[in-house]
file data09.csv (CSV, C-alpha atoms and all ligand atoms)
chain,number,residue,atom,x,y,z
A,1095,MET,CA,-166.5,64.9,110.1
A,1096,ILE,CA,-163.7,66.3,108.0
A,1097,ILE,CA,-164.1,66.7,104.2
A,1098,ILE,CA,-160.8,67.0,102.3
A,1099,LEU,CA,-161.1,68.7,98.9
A,1100,LYS,CA,-159.3,67.7,95.8
A,1101,PRO,CA,-156.1,69.7,95.1
A,1102,GLU,CA,-157.6,71.7,92.2
A,1103,ILE,CA,-160.7,72.8,94.2
A,1104,GLY,CA,-160.5,76.3,95.5
A,1105,PRO,CA,-162.9,78.2,97.9
A,1106,GLU,CA,-164.3,80.1,94.9
A,1107,SER,CA,-165.1,77.1,92.7
A,1108,GLU,CA,-168.5,75.8,91.7
A,1109,GLU,CA,-167.9,72.5,93.4
A,1110,PHE,CA,-167.1,74.2,96.7
A,1111,LYS,CA,-170.4,76.1,96.4
A,1112,LYS,CA,-172.3,72.9,95.7
A,1113,ILE,CA,-170.8,71.1,98.7
A,1114,ARG,CA,-171.8,74.0,100.9
A,1115,GLU,CA,-175.3,73.9,99.5
A,1116,TYR,CA,-175.5,70.2,100.1
A,1117,LEU,CA,-174.4,70.6,103.7
A,1118,SER,CA,-176.7,73.4,104.5
A,1119,ARG,CA,-179.7,71.0,104.5
A,1120,PHE,CA,-178.4,69.5,107.8
A,1121,GLU,CA,-179.6,71.8,110.6
A,1122,GLY,CA,-177.4,72.7,113.5
A,1123,ILE,CA,-174.2,71.9,111.8
A,1124,ARG,CA,-171.5,74.6,111.5
A,1125,LEU,CA,-168.8,74.6,108.9
A,1126,HIS,CA,-165.2,75.7,109.4
A,1127,VAL,CA,-162.9,75.9,106.4
A,1128,ALA,CA,-159.3,75.2,107.2
A,1129,GLN,CA,-156.5,75.8,104.7
A,1130,TYR,CA,-152.9,74.8,105.4
A,1131,GLU,CA,-149.6,73.8,103.8
A,1132,GLY,CA,-149.4,70.0,103.7
A,1133,VAL,CA,-146.2,68.1,103.1
A,1134,THR,CA,-146.7,68.0,99.3
A,1135,ARG,CA,-149.5,70.5,98.6
A,1136,LYS,CA,-151.9,73.2,99.9
A,1137,VAL,CA,-154.8,71.4,101.5
A,1138,ILE,CA,-158.4,72.8,102.0
A,1139,GLU,CA,-160.6,71.0,104.5
A,1140,ILE,CA,-164.2,71.5,105.6
A,1141,HIS,CA,-164.7,70.7,109.2
A,1142,LEU,CA,-168.3,69.9,110.3
A,1143,ILE,CA,-169.1,70.8,113.9
A,1144,GLY,CA,-172.2,69.6,115.7
A,1145,ASP,CA,-174.1,66.3,115.5
A,1146,THR,CA,-172.7,65.0,112.2
A,1147,GLN,CA,-174.0,61.4,112.6
A,1148,ARG,CA,-176.9,62.4,110.4
A,1149,VAL,CA,-174.6,63.3,107.5
A,1150,PRO,CA,-174.1,60.2,105.3
A,1151,LEU,CA,-170.4,59.7,104.7
A,1152,GLU,CA,-170.8,57.8,101.4
A,1153,GLU,CA,-173.0,60.6,100.0
A,1154,VAL,CA,-170.4,63.3,101.0
A,1155,GLN,CA,-167.6,61.2,99.5
A,1156,ALA,CA,-169.4,61.0,96.2
A,1157,LEU,CA,-169.8,64.8,95.9
A,1158,PRO,CA,-167.8,66.4,93.0
A,1159,GLY,CA,-164.7,68.1,94.3
A,1160,VAL,CA,-164.4,65.8,97.4
A,1161,GLU,CA,-161.2,63.8,97.7
A,1162,ARG,CA,-162.3,62.0,100.8
A,1163,ALA,CA,-164.3,62.5,104.0
A,1164,ILE,CA,-163.6,61.0,107.4
A,1165,ARG,CA,-165.5,60.8,110.7
A,1166,VAL,CA,-163.4,61.9,113.7
A,1167,SER,CA,-163.6,60.6,117.2
A,1168,ALA,CA,-160.9,62.5,119.0
A,1169,LYS,CA,-161.9,65.8,120.5
A,1170,TYR,CA,-158.8,67.6,119.2
A,1171,ARG,CA,-160.4,67.6,115.7
A,1172,ARG,CA,-158.1,70.1,114.0
A,1173,ILE,CA,-154.7,69.2,115.3
A,1174,GLY,CA,-155.6,65.4,115.2
A,1175,ARG,CA,-154.4,63.1,112.5
A,1176,HIS,CA,-157.4,60.9,112.9
A,1177,GLY,CA,-155.5,57.9,111.5
A,1178,THR,CA,-154.8,59.1,108.0
A,1179,LEU,CA,-154.6,62.9,107.7
A,1180,GLU,CA,-151.5,64.6,106.5
A,1181,PRO,CA,-149.3,66.4,109.0
A,1182,PHE,CA,-149.4,70.2,109.0
A,1183,GLY,CA,-146.4,72.1,107.9
A,1184,PHE,CA,-145.6,75.8,107.7
A,1185,GLU,CA,-142.9,78.2,106.6
A,1186,TYR,CA,-141.9,81.0,108.9
A,1187,GLN,CA,-139.0,83.4,108.4
A,1188,GLY,CA,-137.8,81.2,105.6
A,1189,LEU,CA,-137.6,78.1,107.8
A,1190,ARG,CA,-139.8,75.0,107.4
A,1191,PHE,CA,-141.5,73.4,110.4
A,1192,ASP,CA,-143.2,70.0,110.0
A,1193,GLN,CA,-142.9,66.5,111.2
A,1194,ASP,CA,-139.7,66.0,109.2
A,1195,SER,CA,-137.9,69.2,109.9
A,1196,PHE,CA,-135.3,69.7,112.6
A,1197,HIS,CA,-134.2,72.9,114.5
A,1198,ILE,CA,-132.4,73.6,117.7
A,1199,PHE,CA,-133.6,76.7,119.7
A,1200,ALA,CA,-130.9,77.4,122.2
A,1201,GLY,CA,-130.4,80.4,124.5
A,1202,LEU,CA,-131.3,82.1,127.7
A,1203,CYS,CA,-134.0,81.0,130.0
A,1204,ALA,CA,-134.5,84.7,130.9
A,1205,VAL,CA,-133.0,87.7,129.2
A,1206,ASP,CA,-131.0,89.3,132.0
A,1207,SER,CA,-128.6,91.6,130.2
A,1208,ARG,CA,-127.7,92.9,126.8
A,1209,GLU,CA,-124.2,91.4,127.0
A,1210,ASN,CA,-125.5,87.9,127.7
A,1211,ALA,CA,-128.1,88.0,125.0
A,1212,GLU,CA,-125.4,89.2,122.5
A,1213,ALA,CA,-123.0,86.5,123.6
A,1214,ILE,CA,-125.6,83.9,122.9
A,1215,PHE,CA,-126.6,85.3,119.5
A,1216,LYS,CA,-122.9,85.5,118.5
A,1217,ALA,CA,-122.2,81.9,119.5
A,1218,LEU,CA,-125.3,80.7,117.7
A,1219,SER,CA,-124.3,82.6,114.6
A,1220,GLU,CA,-120.8,81.2,114.7
A,1221,ALA,CA,-122.3,77.7,114.9
A,1222,GLY,CA,-124.6,78.3,111.9
A,1223,ILE,CA,-127.8,78.3,114.0
A,1224,VAL,CA,-130.5,80.8,113.3
A,1225,THR,CA,-133.0,79.9,116.0
A,1226,ALA,CA,-132.9,81.0,119.6
A,1227,ARG,CA,-134.8,80.9,122.9
A,1228,MET,CA,-135.1,84.0,125.0
A,1229,GLY,CA,-137.5,84.7,127.8
A,1230,ALA,CA,-138.5,88.3,128.4
A,1231,TYR,CA,-141.6,87.5,130.5
A,1232,LYS,CA,-141.0,84.8,133.1
A,1233,PRO,CA,-143.6,82.9,135.1
A,1234,ARG,CA,-141.9,82.5,138.5
A,1235,THR,CA,-143.0,80.5,141.5
A,1236,SER,CA,-142.4,83.5,143.9
A,1237,PRO,CA,-143.5,87.0,143.1
A,1238,TYR,CA,-140.2,88.2,144.6
A,1239,ASP,CA,-138.1,86.3,142.0
A,1240,PHE,CA,-136.8,87.9,138.9
A,1241,GLN,CA,-139.8,88.3,136.5
A,1242,GLY,CA,-137.8,89.0,133.3
A,1243,LEU,CA,-137.0,92.4,131.8
A,1244,GLY,CA,-140.4,92.5,130.0
A,1245,LYS,CA,-141.2,94.7,127.1
A,1246,GLU,CA,-138.4,97.1,127.8
A,1247,CYS,CA,-135.8,94.7,126.5
A,1248,LEU,CA,-137.7,93.7,123.3
A,1249,PRO,CA,-136.4,96.5,120.9
A,1250,TRP,CA,-132.7,95.9,121.6
A,1251,LEU,CA,-133.1,92.2,121.9
A,1252,PHE,CA,-134.7,92.0,118.4
A,1253,GLU,CA,-132.1,94.3,116.9
A,1254,LEU,CA,-129.3,92.2,118.3
A,1255,ALA,CA,-130.9,89.1,117.0
A,1256,GLY,CA,-131.1,90.6,113.5
A,1257,LYS,CA,-127.5,91.7,113.7
A,1258,TYR,CA,-126.5,88.1,114.2
A,1259,GLY,CA,-128.9,86.7,111.6
A,1260,ILE,CA,-131.2,85.0,114.1
A,1261,ARG,CA,-134.5,84.4,112.2
A,1262,VAL,CA,-136.8,83.1,115.0
A,1263,ILE,CA,-136.8,83.5,118.8
A,1264,ALA,CA,-139.0,81.3,120.9
A,1265,MET,CA,-140.4,83.7,123.6
A,1266,GLU,CA,-142.9,82.9,126.3
A,1267,VAL,CA,-146.1,85.0,126.6
A,1268,LEU,CA,-148.0,85.1,129.9
A,1269,ALA,CA,-150.9,87.3,128.9
A,1270,PRO,CA,-152.6,88.4,125.6
A,1271,HIS,CA,-151.1,92.0,125.9
A,1272,HIS,CA,-147.6,90.5,125.6
A,1273,ILE,CA,-148.4,89.5,122.0
A,1274,GLU,CA,-149.2,93.1,121.2
A,1275,GLU,CA,-146.0,94.3,122.9
A,1276,ILE,CA,-143.9,91.8,120.8
A,1277,HIS,CA,-145.8,92.9,117.7
A,1278,GLU,CA,-145.1,96.6,118.4
A,1279,ALA,CA,-141.4,96.1,119.2
A,1280,LEU,CA,-141.0,94.2,115.9
A,1281,GLU,CA,-142.8,97.0,114.0
A,1282,GLN,CA,-140.7,99.7,115.8
A,1283,THR,CA,-137.4,97.9,114.9
A,1284,GLY,CA,-138.4,97.0,111.3
A,1285,HIS,CA,-138.8,93.2,111.9
A,1286,PRO,CA,-135.1,92.2,112.2
A,1287,THR,CA,-136.2,88.8,113.4
A,1288,GLY,CA,-139.3,86.6,114.0
A,1289,VAL,CA,-140.9,85.3,117.1
A,1290,MET,CA,-142.5,82.0,118.0
A,1291,LEU,CA,-144.9,82.6,120.9
A,1292,GLN,CA,-144.3,80.1,123.7
A,1293,ILE,CA,-147.1,78.9,126.0
A,1294,GLY,CA,-145.4,77.7,129.2
A,1295,THR,CA,-146.4,74.6,131.0
A,1296,ARG,CA,-148.1,76.7,133.8
A,1297,ASN,CA,-150.4,78.2,131.2
A,1298,ALA,CA,-151.2,75.0,129.4
A,1299,GLN,CA,-154.8,75.3,130.3
A,1300,ASN,CA,-155.1,79.1,130.3
A,1301,PHE,CA,-157.8,79.0,127.7
A,1302,GLU,CA,-158.1,82.7,127.2
A,1303,LEU,CA,-154.4,82.9,126.5
A,1304,LEU,CA,-154.6,79.9,124.2
A,1305,ARG,CA,-157.5,81.6,122.3
A,1306,ALA,CA,-155.4,84.8,122.1
A,1307,VAL,CA,-152.4,83.1,120.4
A,1308,GLY,CA,-154.8,81.1,118.3
A,1309,SER,CA,-156.8,84.1,117.0
A,1310,GLN,CA,-153.7,85.9,115.6
A,1311,THR,CA,-151.8,84.5,112.6
A,1312,GLU,CA,-148.7,86.7,112.6
A,1313,PHE,CA,-146.8,84.4,114.9
A,1314,PRO,CA,-146.5,80.6,115.2
A,1315,VAL,CA,-147.0,79.0,118.6
A,1316,LEU,CA,-144.9,76.7,120.7
A,1317,TYR,CA,-147.3,74.9,123.0
A,1318,LYS,CA,-145.7,73.2,126.1
A,1319,ARG,CA,-147.4,70.2,127.6
A,1320,GLY,CA,-149.0,70.8,131.0
A,1321,MET,CA,-146.7,69.4,133.7
A,1322,GLY,CA,-149.6,67.9,135.6
A,1323,LEU,CA,-151.9,67.1,132.7
A,1324,SER,CA,-152.5,63.9,130.8
A,1325,LEU,CA,-151.4,63.9,127.2
A,1326,GLU,CA,-155.1,63.9,126.2
A,1327,GLU,CA,-155.8,67.0,128.3
A,1328,SER,CA,-152.8,68.8,126.8
A,1329,LEU,CA,-153.9,67.9,123.3
A,1330,ASN,CA,-157.4,69.2,123.9
A,1331,ALA,CA,-155.9,72.4,125.4
A,1332,CYS,CA,-153.7,72.8,122.4
A,1333,GLU,CA,-156.7,72.4,120.2
A,1334,TYR,CA,-158.0,75.8,121.5
A,1335,ILE,CA,-155.2,77.4,119.5
A,1336,ALA,CA,-156.1,75.7,116.3
A,1337,SER,CA,-159.8,76.1,116.9
A,1338,GLU,CA,-159.3,79.9,116.7
A,1339,GLY,CA,-157.7,79.5,113.2
A,1340,ASN,CA,-153.9,79.4,113.8
A,1341,HIS,CA,-152.6,76.0,112.7
A,1342,ARG,CA,-148.9,77.0,112.9
A,1343,ILE,CA,-148.3,75.1,116.2
A,1344,VAL,CA,-145.4,73.1,117.5
A,1345,PHE,CA,-146.2,70.8,120.4
A,1346,CYS,CA,-143.5,70.6,123.1
A,1347,LEU,CA,-142.8,67.8,125.6
A,1348,ARG,CA,-141.0,69.1,128.7
A,1349,GLY,CA,-141.4,66.4,131.3
A,1350,VAL,CA,-144.2,65.9,133.8
A,1351,ARG,CA,-144.3,66.6,137.5
A,1352,THR,CA,-144.0,63.4,139.6
A,1353,HIS,CA,-141.7,62.6,142.5
A,1354,LEU,CA,-140.9,59.4,140.6
A,1355,GLY,CA,-138.7,61.6,138.5
A,1356,ASP,CA,-136.3,62.4,141.4
A,1357,PRO,CA,-133.5,63.4,141.3
A,1358,HIS,CA,-134.5,65.1,138.1
A,1359,ARG,CA,-136.8,68.1,138.3
A,1360,ASN,CA,-139.5,66.3,136.2
A,1361,LEU,CA,-140.0,62.9,134.7
A,1362,VAL,CA,-138.9,62.8,131.1
A,1363,ASP,CA,-141.8,62.1,128.7
A,1364,PHE,CA,-139.9,61.9,125.4
A,1365,GLY,CA,-141.3,58.4,124.8
A,1366,HIS,CA,-144.3,60.4,123.7
A,1367,VAL,CA,-142.6,62.0,120.7
A,1368,PRO,CA,-143.7,59.3,118.3
A,1369,VAL,CA,-147.1,59.2,120.0
A,1370,VAL,CA,-147.8,62.9,119.5
A,1371,LYS,CA,-146.6,62.6,115.9
A,1372,ARG,CA,-149.0,59.8,115.3
A,1373,LEU,CA,-152.0,61.4,117.1
A,1374,THR,CA,-151.5,64.9,115.8
A,1375,ARG,CA,-150.4,66.7,112.6
A,1376,LEU,CA,-148.0,68.9,114.5
A,1377,PRO,CA,-144.2,69.0,114.6
A,1378,VAL,CA,-142.9,68.0,118.0
A,1379,CYS,CA,-140.3,69.7,120.2
A,1380,VAL,CA,-138.5,68.4,123.2
A,1381,ASP,CA,-137.1,70.6,126.1
A,1382,PRO,CA,-134.4,68.6,127.9
A,1383,SER,CA,-133.5,71.5,130.3
A,1384,HIS,CA,-136.7,71.7,132.4
A,1385,PRO,CA,-137.2,68.0,133.1
A,1386,ILE,CA,-133.6,67.5,134.2
A,1387,GLY,CA,-133.0,70.8,136.1
A,1388,SER,CA,-129.2,70.4,136.5
A,1389,ARG,CA,-125.9,70.1,134.6
A,1390,ALA,CA,-125.3,66.7,136.3
A,1391,GLU,CA,-123.0,64.4,134.3
A,1392,ALA,CA,-123.3,60.6,134.1
A,1393,PRO,CA,-120.2,58.4,134.6
A,1394,ASP,CA,-119.8,58.2,130.8
A,1395,GLY,CA,-119.0,61.9,130.8
A,1396,ILE,CA,-122.2,62.9,129.1
A,1397,ARG,CA,-124.5,65.3,130.9
A,1398,ASP,CA,-128.1,64.1,131.7
A,1399,ILE,CA,-129.4,67.0,129.6
A,1400,TYR,CA,-127.4,65.7,126.6
A,1401,HIS,CA,-128.7,62.2,127.2
A,1402,VAL,CA,-132.4,63.0,127.3
A,1403,ALA,CA,-132.1,65.6,124.4
A,1404,ALA,CA,-130.5,62.8,122.3
A,1405,GLN,CA,-133.4,60.4,123.4
A,1406,GLY,CA,-135.9,63.0,122.2
A,1407,VAL,CA,-134.0,63.5,118.9
A,1408,ILE,CA,-133.6,59.8,118.2
A,1409,ALA,CA,-137.3,59.4,118.9
A,1410,GLY,CA,-137.9,61.8,116.0
A,1411,ALA,CA,-138.3,65.2,117.6
A,1412,ASN,CA,-138.5,68.1,115.2
A,1413,MET,CA,-137.1,70.7,117.5
A,1414,VAL,CA,-135.0,71.0,120.6
A,1415,LEU,CA,-135.5,73.9,123.1
A,1416,VAL,CA,-132.5,74.2,125.4
A,1417,GLU,CA,-131.1,76.6,127.9
A,1418,PHE,CA,-127.5,78.1,127.7
A,1419,HIS,CA,-125.9,80.9,129.7
A,1420,PRO,CA,-122.5,82.6,129.3
A,1421,ARG,CA,-122.2,82.5,133.2
A,1422,PRO,CA,-124.8,80.1,134.6
A,1423,GLU,CA,-123.6,80.7,138.1
A,1424,ALA,CA,-124.8,84.3,137.8
A,1425,ALA,CA,-128.1,83.5,135.9
A,1426,LEU,CA,-131.2,85.1,137.5
A,1427,CYS,CA,-133.4,82.1,136.5
A,1428,ASP,CA,-132.7,78.4,136.1
A,1429,GLY,CA,-128.9,78.8,136.4
A,1430,PRO,CA,-128.4,75.2,137.7
A,1431,GLN,CA,-129.7,73.7,134.4
A,1432,ALA,CA,-128.1,76.2,132.0
A,1433,LEU,CA,-125.4,74.7,129.8
A,1434,TYR,CA,-122.1,76.7,129.5
A,1435,LEU,CA,-122.1,78.7,126.3
A,1436,GLU,CA,-118.6,77.3,125.5
A,1437,GLU,CA,-120.1,73.8,125.2
A,1438,LEU,CA,-122.6,74.8,122.5
A,1439,PRO,CA,-120.6,73.3,119.6
A,1440,ARG,CA,-120.2,70.1,121.6
A,1441,PHE,CA,-123.9,69.9,122.3
A,1442,LEU,CA,-124.7,70.5,118.6
A,1443,GLU,CA,-122.4,67.7,117.7
A,1444,HIS,CA,-124.2,65.3,120.0
A,1445,MET,CA,-127.5,66.4,118.5
A,1446,ARG,CA,-126.2,65.8,115.0
A,1447,ILE,CA,-125.2,62.3,115.9
A,1448,ALA,CA,-128.6,61.6,117.4
A,1449,ARG,CA,-130.4,63.1,114.4
A,1450,GLU,CA,-128.4,61.0,112.0
A,1451,ALA,CA,-129.1,57.9,114.0
A,1452,TYR,CA,-132.9,58.7,113.8
A,1453,LEU,CA,-132.7,59.3,110.0
A,1454,ALA,CA,-130.8,55.9,109.6
A,1455,MET,CA,-133.6,54.2,111.6
A,1456,LYS,CA,-136.2,55.9,109.5
A,1457,LYS,CA,-134.6,54.7,106.3
A,1458,LEU,CA,-134.4,51.2,107.7
A,1459,ALA,CA,-138.1,51.4,108.6
A,1460,GLU,CA,-139.0,52.5,105.0
A,1461,LYS,CA,-137.2,49.4,103.7
A,1462,TYR,CA,-139.5,47.2,105.7
A,1463,ARG,CA,-142.7,49.3,105.3
A,1464,GLY,CA,-145.6,47.0,104.6
A,1465,LYS,CA,-143.7,43.8,105.7
A,1466,VAL,CA,-144.2,42.2,109.1
A,1501,LIG,C1,-139.2,78.0,129.7
A,1501,LIG,O1,-139.1,77.3,128.7
A,1501,LIG,O2,-138.6,79.0,130.0
A,1501,LIG,C2,-140.2,77.5,130.8
A,1501,LIG,C3,-140.6,78.3,131.8
A,1501,LIG,O3,-140.6,76.3,130.6
A,1501,LIG,P1,-141.8,75.5,131.2
A,1501,LIG,O4,-143.0,76.3,130.9
A,1501,LIG,O5,-141.8,74.2,130.4
A,1501,LIG,O6,-141.6,75.3,132.7
A,1502,MN,MN,-136.1,78.0,132.3

call {"tool": "encode", "arguments": {"input": "data09.csv", "output": "structure tokens"}}
result
Amino acid sequence: MIIILKPEIGPESEEFKKIREYLSRFEGIRLHVAQYEGVTRKVIEIHLIGDTQRVPLEEVQALPGVERAIRVSAKYRRIGRHGTLEPFGFEYQGLRFDQDSFHIFAGLCAVDSRENAEAIFKALSEAGIVTARMGAYKPRTSPYDFQGLGKECLPWLFELAGKYGIRVIAMEVLAPHHIEEIHEALEQTGHPTGVMLQIGTRNAQNFELLRAVGSQTEFPVLYKRGMGLSLEESLNACEYIASEGNHRIVFCLRGVRTHLGDPHRNLVDFGHVPVVKRLTRLPVCVDPSHPIGSRAEAPDGIRDIYHVAAQGVIAGANMVLVEFHPRPEAALCDGPQALYLEELPRFLEHMRIAREAYLAMKKLAEKYRGKV
């Protein structure tokens, strides 16, 4: 059961104390208080964990200070919308992330040199983009492949990002100590930028790592769906992050592993954008680079990566995570799918068209809301 408090009821209020008192009579039920930024206001909820069947809904709903109470059936209780709950939203580094916002995180799959990172930041800044992707720690299929520059590159990378006005970098972490290394490098350099911790598809069910990014609140988290997991399994894994207290999560679709997707690297699952927005309270990201795996171009002159990115955006995605490289032929990781840096303005223009089409569709839907 989730109890949503009235907007004027704070955690120190008399009403809050009374609600706690009332709930304490039900043995074996734990309470968790969740506070977050809703779309229109700050929301405080009390989550009841345990056998809540014995707690009478009508009685709870009638308690002073309670706006409403709902029973939840999905296991992903905190990230779930459960039919009617408001989406989560959060501010980070002066940017808003929620189910209405839209950001493009473009950049290197793996940071390989200072020059390449700088070229990306410069191009983004010229295009008016303040969000980037940069991998310092890379999960590779073979231990002999380039593993990323690791913590050594972080200080200069963050300084360069700050120099070009980049406010957030999406960066994958493979182990809890990477979070500490990122924190230390930001401290050392005076926080010139921010970081969104990325959980890669290979770690989608690494529960200890999920708990680690969930139990800190300094950084928001970009959770990538497991490539071999059902959506339900990925949502439950993502819940580990929220269950530790961090609600600042973006859920990312990045394709699923099946040979039915050939010749693409993975089968595109962006049809799930509206599904995840309906089932959860999280903003949704799409990654068009990893499902496609190449710069192949369709006969219409549009690359497959542009096509699927636009499909995700027109489906309502709130974020696009995409790989670029100044010299893809020389990239040490995922070169075949990296877009040429020169085409960044062209890519952004395609995304603008897709986003406008989505907003026009949304406006039309609002006109017909409530009608058949
Ligand atoms: C990445 O975004 O760099 C990455 C490794 O993606 P994924 O975890 O989706 O394969
Ligand atoms: Mn990659």

call {"tool": "residues_around", "arguments": {"input": "data09.csv", "residues": "Tyr1130 (chain A)", "least_positions_apart": "3", "cutoff": "12 Å", "atoms": "all atoms listed in the file", "output": "JSON, numbers by chain"}}
result
{"A": [1098, 1101, 1127, 1133, 1134, 1135, 1136, 1137, 1138, 1139, 1140, 1172, 1173, 1180, 1181, 1182, 1183, 1184, 1185, 1192, 1336, 1339, 1340, 1341, 1342, 1343, 1375, 1376]}

call {"tool": "closest_residue", "arguments": {"input": "data09.csv", "among": "A:Ile1214, A:Met1228, A:Leu1435, A:Leu1373", "to": "ligand LIG 1501 (chain A)", "atoms": "only C-alpha atoms and all ligand atoms"}}
result
A:Met1228

call {"tool": "closest_residue", "arguments": {"input": "data09.csv", "among": "A:Ala1411, A:Leu1361, A:Val1416, A:Leu1189", "to": "ligand LIG 1501 (chain A)", "atoms": "all atoms listed in the file"}}
result
A:Val1416

call {"tool": "closest_residue", "arguments": {"input": "data09.csv", "among": "A:Thr1374, A:Val1262, A:Leu1280, A:Phe1196", "to": "Thr1178 (chain A)", "atoms": "only C-alpha atoms"}}
result
A:Thr1374

call {"tool": "axis_aligned_box", "arguments": {"input": "data09.csv", "around": "ligand LIG 1501 (chain A)", "padding_each_side": "8 Å", "output": "lines of an AutoDock Vina configuration file"}}
result
center_x = -140.8
center_y = 76.6
center_z = 130.7
size_x = 20.4
size_y = 20.8
size_z = 20.0

call {"tool": "closest_atom_pairs", "arguments": {"input": "data09.csv", "of": "chain A", "to": "ligand MN 1502 (chain A)", "cutoff": "12 Å", "atoms": "all atoms listed in the file", "output": "Markdown table"}}
result
| residue | atom | partner | partner_atom | distance |
| --- | --- | --- | --- | --- |
| A:Ala1200 | CA | A:MN1502 | MN | 11.4 |
| A:Gly1201 | CA | A:MN1502 | MN | 10.0 |
| A:Leu1202 | CA | A:MN1502 | MN | 7.8 |
| A:Cys1203 | CA | A:MN1502 | MN | 4.3 |
| A:Ala1204 | CA | A:MN1502 | MN | 7.0 |
| A:Val1205 | CA | A:MN1502 | MN | 10.6 |
| A:Arg1227 | CA | A:MN1502 | MN | 9.9 |
| A:Met1228 | CA | A:MN1502 | MN | 9.5 |
| A:Gly1229 | CA | A:MN1502 | MN | 8.2 |
| A:Ala1230 | CA | A:MN1502 | MN | 11.3 |
| A:Tyr1231 | CA | A:MN1502 | MN | 11.1 |
| A:Lys1232 | CA | A:MN1502 | MN | 8.4 |
| A:Pro1233 | CA | A:MN1502 | MN | 9.4 |
| A:Arg1234 | CA | A:MN1502 | MN | 9.6 |
| A:Thr1235 | CA | A:MN1502 | MN | 11.8 |
| A:Phe1240 | CA | A:MN1502 | MN | 11.9 |
| A:Gln1241 | CA | A:MN1502 | MN | 11.7 |
| A:Gly1242 | CA | A:MN1502 | MN | 11.2 |
| A:Met1265 | CA | A:MN1502 | MN | 11.3 |
| A:Glu1266 | CA | A:MN1502 | MN | 10.3 |
| A:Gly1294 | CA | A:MN1502 | MN | 9.8 |
| A:Thr1295 | CA | A:MN1502 | MN | 10.9 |
| A:Arg1348 | CA | A:MN1502 | MN | 10.8 |
| A:Arg1359 | CA | A:MN1502 | MN | 11.6 |
| A:Asp1381 | CA | A:MN1502 | MN | 9.7 |
| A:Pro1382 | CA | A:MN1502 | MN | 10.5 |
| A:Ser1383 | CA | A:MN1502 | MN | 7.3 |
| A:His1384 | CA | A:MN1502 | MN | 6.3 |
| A:Pro1385 | CA | A:MN1502 | MN | 10.1 |
| A:Ile1386 | CA | A:MN1502 | MN | 11.0 |
| A:Gly1387 | CA | A:MN1502 | MN | 8.7 |
| A:Ser1388 | CA | A:MN1502 | MN | 11.1 |
| A:Leu1415 | CA | A:MN1502 | MN | 10.1 |
| A:Val1416 | CA | A:MN1502 | MN | 8.7 |
| A:Glu1417 | CA | A:MN1502 | MN | 6.8 |
| A:Phe1418 | CA | A:MN1502 | MN | 9.8 |
| A:His1419 | CA | A:MN1502 | MN | 10.9 |
| A:Pro1422 | CA | A:MN1502 | MN | 11.7 |
| A:Ala1425 | CA | A:MN1502 | MN | 10.4 |
| A:Leu1426 | CA | A:MN1502 | MN | 10.1 |
| A:Cys1427 | CA | A:MN1502 | MN | 6.5 |
| A:Asp1428 | CA | A:MN1502 | MN | 5.1 |
| A:Gly1429 | CA | A:MN1502 | MN | 8.3 |
| A:Pro1430 | CA | A:MN1502 | MN | 9.8 |
| A:Gln1431 | CA | A:MN1502 | MN | 8.0 |
| A:Ala1432 | CA | A:MN1502 | MN | 8.2 |
| A:Leu1433 | CA | A:MN1502 | MN | 11.5 |

call {"tool": "residues_around", "arguments": {"input": "data09.csv", "residues": "Gln1292 (chain A)", "least_positions_apart": "4", "cutoff": "8 Å", "atoms": "all atoms listed in the file", "output": "number ranges by chain"}}
result
A: 1264-1267, 1315-1318

call {"tool": "build_atoms", "arguments": {"input": "data09.csv", "residues": "region 1383-1389 of chain A", "atoms": "N, CA, C and O atoms", "output": "PDB file, keeping the file's coordinate frame"}}
result
ATOM      1  N   SER A1383    -134.001  70.711 129.160  1.00  0.00           N
ATOM      2  CA  SER A1383    -133.500  71.500 130.300  1.00  0.00           C
ATOM      3  C   SER A1383    -134.443  71.405 131.502  1.00  0.00           C
ATOM      4  O   SER A1383    -134.000  71.167 132.629  1.00  0.00           O
ATOM      5  N   HIS A1384    -135.746  71.613 131.268  1.00  0.00           N
ATOM      6  CA  HIS A1384    -136.700  71.700 132.400  1.00  0.00           C
ATOM      7  C   HIS A1384    -136.976  70.344 133.063  1.00  0.00           C
ATOM      8  O   HIS A1384    -137.158  70.316 134.276  1.00  0.00           O
ATOM      9  N   PRO A1385    -137.009  69.221 132.335  1.00  0.00           N
ATOM     10  CA  PRO A1385    -137.200  68.000 133.100  1.00  0.00           C
ATOM     11  C   PRO A1385    -135.965  67.613 133.924  1.00  0.00           C
ATOM     12  O   PRO A1385    -136.103  67.054 135.010  1.00  0.00           O
ATOM     13  N   ILE A1386    -134.776  67.945 133.466  1.00  0.00           N
ATOM     14  CA  ILE A1386    -133.600  67.500 134.200  1.00  0.00           C
ATOM     15  C   ILE A1386    -133.268  68.494 135.338  1.00  0.00           C
ATOM     16  O   ILE A1386    -133.106  68.076 136.486  1.00  0.00           O
ATOM     17  N   GLY A1387    -133.163  69.776 135.039  1.00  0.00           N
ATOM     18  CA  GLY A1387    -133.000  70.800 136.100  1.00  0.00           C
ATOM     19  C   GLY A1387    -131.579  70.930 136.645  1.00  0.00           C
ATOM     20  O   GLY A1387    -131.372  71.693 137.583  1.00  0.00           O
ATOM     21  N   SER A1388    -130.604  70.214 136.075  1.00  0.00           N
ATOM     22  CA  SER A1388    -129.200  70.400 136.500  1.00  0.00           C
ATOM     23  C   SER A1388    -128.237  70.022 135.425  1.00  0.00           C
ATOM     24  O   SER A1388    -128.612  69.350 134.476  1.00  0.00           O
ATOM     25  N   ARG A1389    -126.974  70.441 135.624  1.00  0.00           N
ATOM     26  CA  ARG A1389    -125.900  70.100 134.600  1.00  0.00           C
ATOM     27  C   ARG A1389    -125.242  68.771 135.003  1.00  0.00           C
ATOM     28  O   ARG A1389    -124.133  68.508 134.549  1.00  0.00           O
TER      29      ARG A1389
END
